[in-house]
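Asker: Below you will find the structure I want to go over with you.
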Amino acid sequence: MKNSSEQESVAELQEYNMDHSVCTPLELKAWYSFGVAAEGFSAMAVSVFFPLILQSLAANEAFKSDNHKIKCNTTDAYKCDVNIGGKYIDTSALVLYATTISVFIQFILFSILGSVADYGPNRKKFLMFFGVSTGLVGFCMIFVVNTSMYLMAFLIYIVSNTFFGASFVFYYAWVPILARYSPEVLEAETKSTDLAEKHLVSERVSNEISSKGFFYGYMTGVAQIILSSVFVLYIGSGTAWNLPEVYPMQMCVAAVCVWEVAVLLGFTGRHLKSRPGPPLPAGKNYIVFSIQNLAKTLSEARQQPELFKFLIAWFLYSDAFCTVVSIAILFAQAELGASNIILLASAVIVPLGAGIGNILWVRFQNHYQLSTIRILIMQACLYLVMPVYGLLGFFTPIGLRTASELLPLAVYHGLLLGATQSSCRVLFSELLPPGHEAEFFGLYEITDKGSAWVGPLMVALITQFTGNMRYSFVFIGILFFFPIFIFSNIDVAKGKKEAKAYSDKTKALKLS
């Protein structure tokens with residue numbers, strides 16, 4: 001027999017005509033396919049090719065930092081400034097400023113539209129819109145045929161990266177829904193009366209779905225990076241055709257965008273269920289309601305102390321590892337003078353390691369029966385090692401002093417990156433009130449984007465004013481240190497009870 005709470009939940013679903021059918025293998029494949037379609041844009045375009053393209057285009061129009069009358073020499077490690085509106089800006093800092101702008105726009109966009117995905121069939125519509133738009137805008141890199149068009153390239157990067165980030169707030173929102181309606185979780189709900197056992201099953205299924213989704217995405221990203229790297233190394237410089245030196249990379253960005261649009265329109269859109277939520281309240285428009293709902297969600301999150309503690313830690317932690325991703329390729333190129341072969345090899349290793357790391361961490365967790373929060377603390381501690389190592393470069397012969405150190409660090413970073421992202425999503429899913437997934441995942445992304453522009457901006461300013469990006473490792477180390485302390489003080493069991501109490505309260509208010 002179902003208890004009264006379960007009966008109310010079923011009645012509410014039927015009242016709003018929500019889809020609470022069992023999650024099928026085809027629906028899971030359709031959700032996985034979004035990662036297969038989009039992850040290459042992140043792993044290949046955003047993380048590797050765009051920074052190299054933008055820095056190269058700008059550097060070819062730039063001058064040496066110590067003498068603005070001498071053109072920039074990009075054949076070795078260099079420090080160059082480009083003149084924009086009469087102000088000289090370091091080329092590496094300029095790329096980070098562009099990242100800051102795109103992420104800040106994502107933050108504003110999420111604030112306006114994030115919670116709308118909870119109402120009606122809009123979750124899927126927004127997922128498809130932002131995913132397809134990412135590909136269409138990114139494809140325009142093919143039209144940047146001269147280094148003097150570098151500002152156009154920066155604009156394409158900002159807009160396409162904004163759309164890409166926006167699409168993932170809706171992508172993440174499916175994880176708790178797919179887990180909740182999976183056969184294993186539904187069976188546990190009907191057969192078990194032990195709340196702890198139900199939570200254990202739910203957490204395991206969420207881990208599996210999240211890890212597999214990002215494994216497939218990262219493996220696709222690896223394949224695209226390998227193919228693109230071979231293409232770039234084979235073609236060489238675009239100057240032979242009176243095109244920018246990095247034009248082969250621009251062609252690869254356009255190709256991965258074509259892939260994204262083709263998969264989304266050909267498979268994801270056709271087989272992913274809409275899983276609609278309740279209708280928008282009468283008399284409300286989407287933008288105003290979304291802002292009001294965000295303010296309400298922030299207020300309610302503060303009434304769930306464990307969830308709120310996680311959000312504070314996530315605010316800092318996500319900024320830390322996102323900043324590492326943002327500066328890695330720029331540091332390697334400008335500070336270490338790394339060759340394209342080393343840069344592209346590192347680009348292959350990171351997503352490959354991320355995919356493998358996802359699987360290894362899940363197996364490690366299951367083998368030793370460790371909680372997600374304990375795994376996350378371990379990963380954060382291991383991540384703190386990276387900026388500390390970089391700071392050794394001020395005093396010792398090691399510490400990112402040579403390009404040869406990049407490949408081992410790429411392995412280390414990759415094994416942590418995908419796994420820690422997955423751990424954060426799973427832990428947050430476990431702390432969510434049922435029925436409010438997109439609303440709170442919107443807050444999750446807003447918290448992420450609310451801080452993710454801070455790291456690149458601070459590194460850009462540090463680089464601009466010191467002329468040495470290595471000083472930014474101090475800032476990154478601080479960002480990694482504080483989340484470890486906060487994660488250590490989160491009580492997950494208590495947080496789950498708070499989430500259920502919040503869900504029960506909102507249901508009672510709707511029925512009153």
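If you're wondering about the labels, chains in the structure tokens are A, B, ... by order shown, residues count from 1 in each chain, ligands from 1 in order shown.
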If we count only C-alpha atoms, what is near A:Lys124 at a cut-off of 10 Å, once residues fewer than 2 positions away on the same chain are taken out, given as a ChimeraX atom specification?
Answerer: /A:117,120-122,126-129,167,170-171,174,268-269,272-276
Asker: What does the file look like for those residues with C-alpha atoms, as a compact mmCIF listing (two decimals), in the first residue's frame?
Answerer:
# COMPACT_ATOMS: atom_id res chain seq x y z
CA ALA A 117 12.10 24.56 -17.40
CA GLY A 120 4.97 22.84 -19.17
CA PRO A 121 7.03 21.16 -21.90
CA ASN A 122 9.72 23.86 -21.96
CA PHE A 126 15.08 25.12 -24.26
CA LEU A 127 17.52 22.22 -24.35
CA MET A 128 17.13 21.90 -28.10
CA PHE A 129 17.10 25.64 -28.77
CA SER A 167 21.89 24.29 -22.75
CA PHE A 170 18.41 21.82 -18.91
CA TYR A 171 20.60 18.80 -19.62
CA TRP A 174 17.17 15.28 -16.41
CA THR A 268 18.03 13.61 -29.37
CA GLY A 269 15.05 15.69 -30.39
CA LEU A 272 14.00 12.31 -25.65
CA LYS A 273 10.70 12.61 -23.77
CA SER A 274 9.57 16.09 -22.81
CA ARG A 275 8.72 15.08 -19.23
CA PRO A 276 6.47 18.17 -18.83
Asker: Excluding same-chain residues fewer than 3 positions from A:Leu417, what lies within 10 Å of it counting only C-alpha atoms, as JSON, numbers by chain?
Answerer: {"A": [321, 322, 325, 350, 351, 353, 354, 355, 357, 358, 379, 383, 412, 413, 414, 420, 421, 422]}
Asker: Just C-alpha atoms for this one: save the residues we selected as an mmCIF file, in the first residue's frame.
Answerer:
data_model
loop_
_atom_site.group_PDB
_atom_site.id
_atom_site.type_symbol
_atom_site.label_atom_id
_atom_site.label_comp_id
_atom_site.auth_asym_id
_atom_site.auth_seq_id
_atom_site.Cartn_x
_atom_site.Cartn_y
_atom_site.Cartn_z
ATOM 1 C CA PHE A 321 38.398 24.045 -11.541
ATOM 2 C CA CYS A 322 36.740 26.070 -14.318
ATOM 3 C CA VAL A 325 40.448 24.797 -17.544
ATOM 4 C CA VAL A 350 42.287 15.545 -20.490
ATOM 5 C CA PRO A 351 38.894 14.341 -21.799
ATOM 6 C CA GLY A 353 41.330 10.882 -18.558
ATOM 7 C CA ALA A 354 38.005 12.443 -17.552
ATOM 8 C CA GLY A 355 36.028 9.630 -19.127
ATOM 9 C CA GLY A 357 38.307 8.813 -14.278
ATOM 10 C CA ASN A 358 34.517 8.826 -14.135
ATOM 11 C CA GLN A 379 38.776 14.939 -5.153
ATOM 12 C CA TYR A 383 42.807 19.256 -6.949
ATOM 13 C CA TYR A 412 46.180 14.132 -13.350
ATOM 14 C CA HIS A 413 43.724 16.913 -14.218
ATOM 15 C CA GLY A 414 41.684 14.674 -16.510
ATOM 16 C CA THR A 420 34.427 15.724 -9.581
ATOM 17 C CA GLN A 421 31.819 17.327 -11.864
ATOM 18 C CA SER A 422 29.794 14.129 -11.682
#
Asker: Enter the distance from atom CA of A:Gln224 to atom CA of A:Met44, in Å, rounded to one decimal.
Answerer: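 Taking atom CA of A:Gln224 and atom CA of A:Met44, their separation equals 7.0 Å.
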Asker: Distance table requested - stretch 331-384 of chain A against stretch 77-97 of chain A, cut-off 12 Å, only C-alpha atoms: one row per qualifying residue with the closest atom pair and its distance in Å to one decimal, ordered by chain and rising residue number, as a tab-separated table.
Answerer:
residue	atom	partner	partner_atom	distance
A:Phe331	CA	A:Ser92	CA	8.2
A:Ala332	CA	A:Ala77	CA	8.9
A:Gln333	CA	A:Ala77	CA	6.7
A:Ala334	CA	A:Ala77	CA	5.0
A:Glu335	CA	A:Ala77	CA	5.7
A:Leu336	CA	A:Ala77	CA	5.9
A:Gly337	CA	A:Ala77	CA	4.0
A:Ala338	CA	A:Ala77	CA	7.7
A:Ser339	CA	A:Ala77	CA	9.8
Asker: What's around stretch 220-222 of chain A at 6 Å? Count only C-alpha atoms, leave out sequence neighbours fewer than 5 positions away in its own chain, and write the answer as a ChimeraX atom specification.
Answerer: /A:36,39-40,43,348,351-352
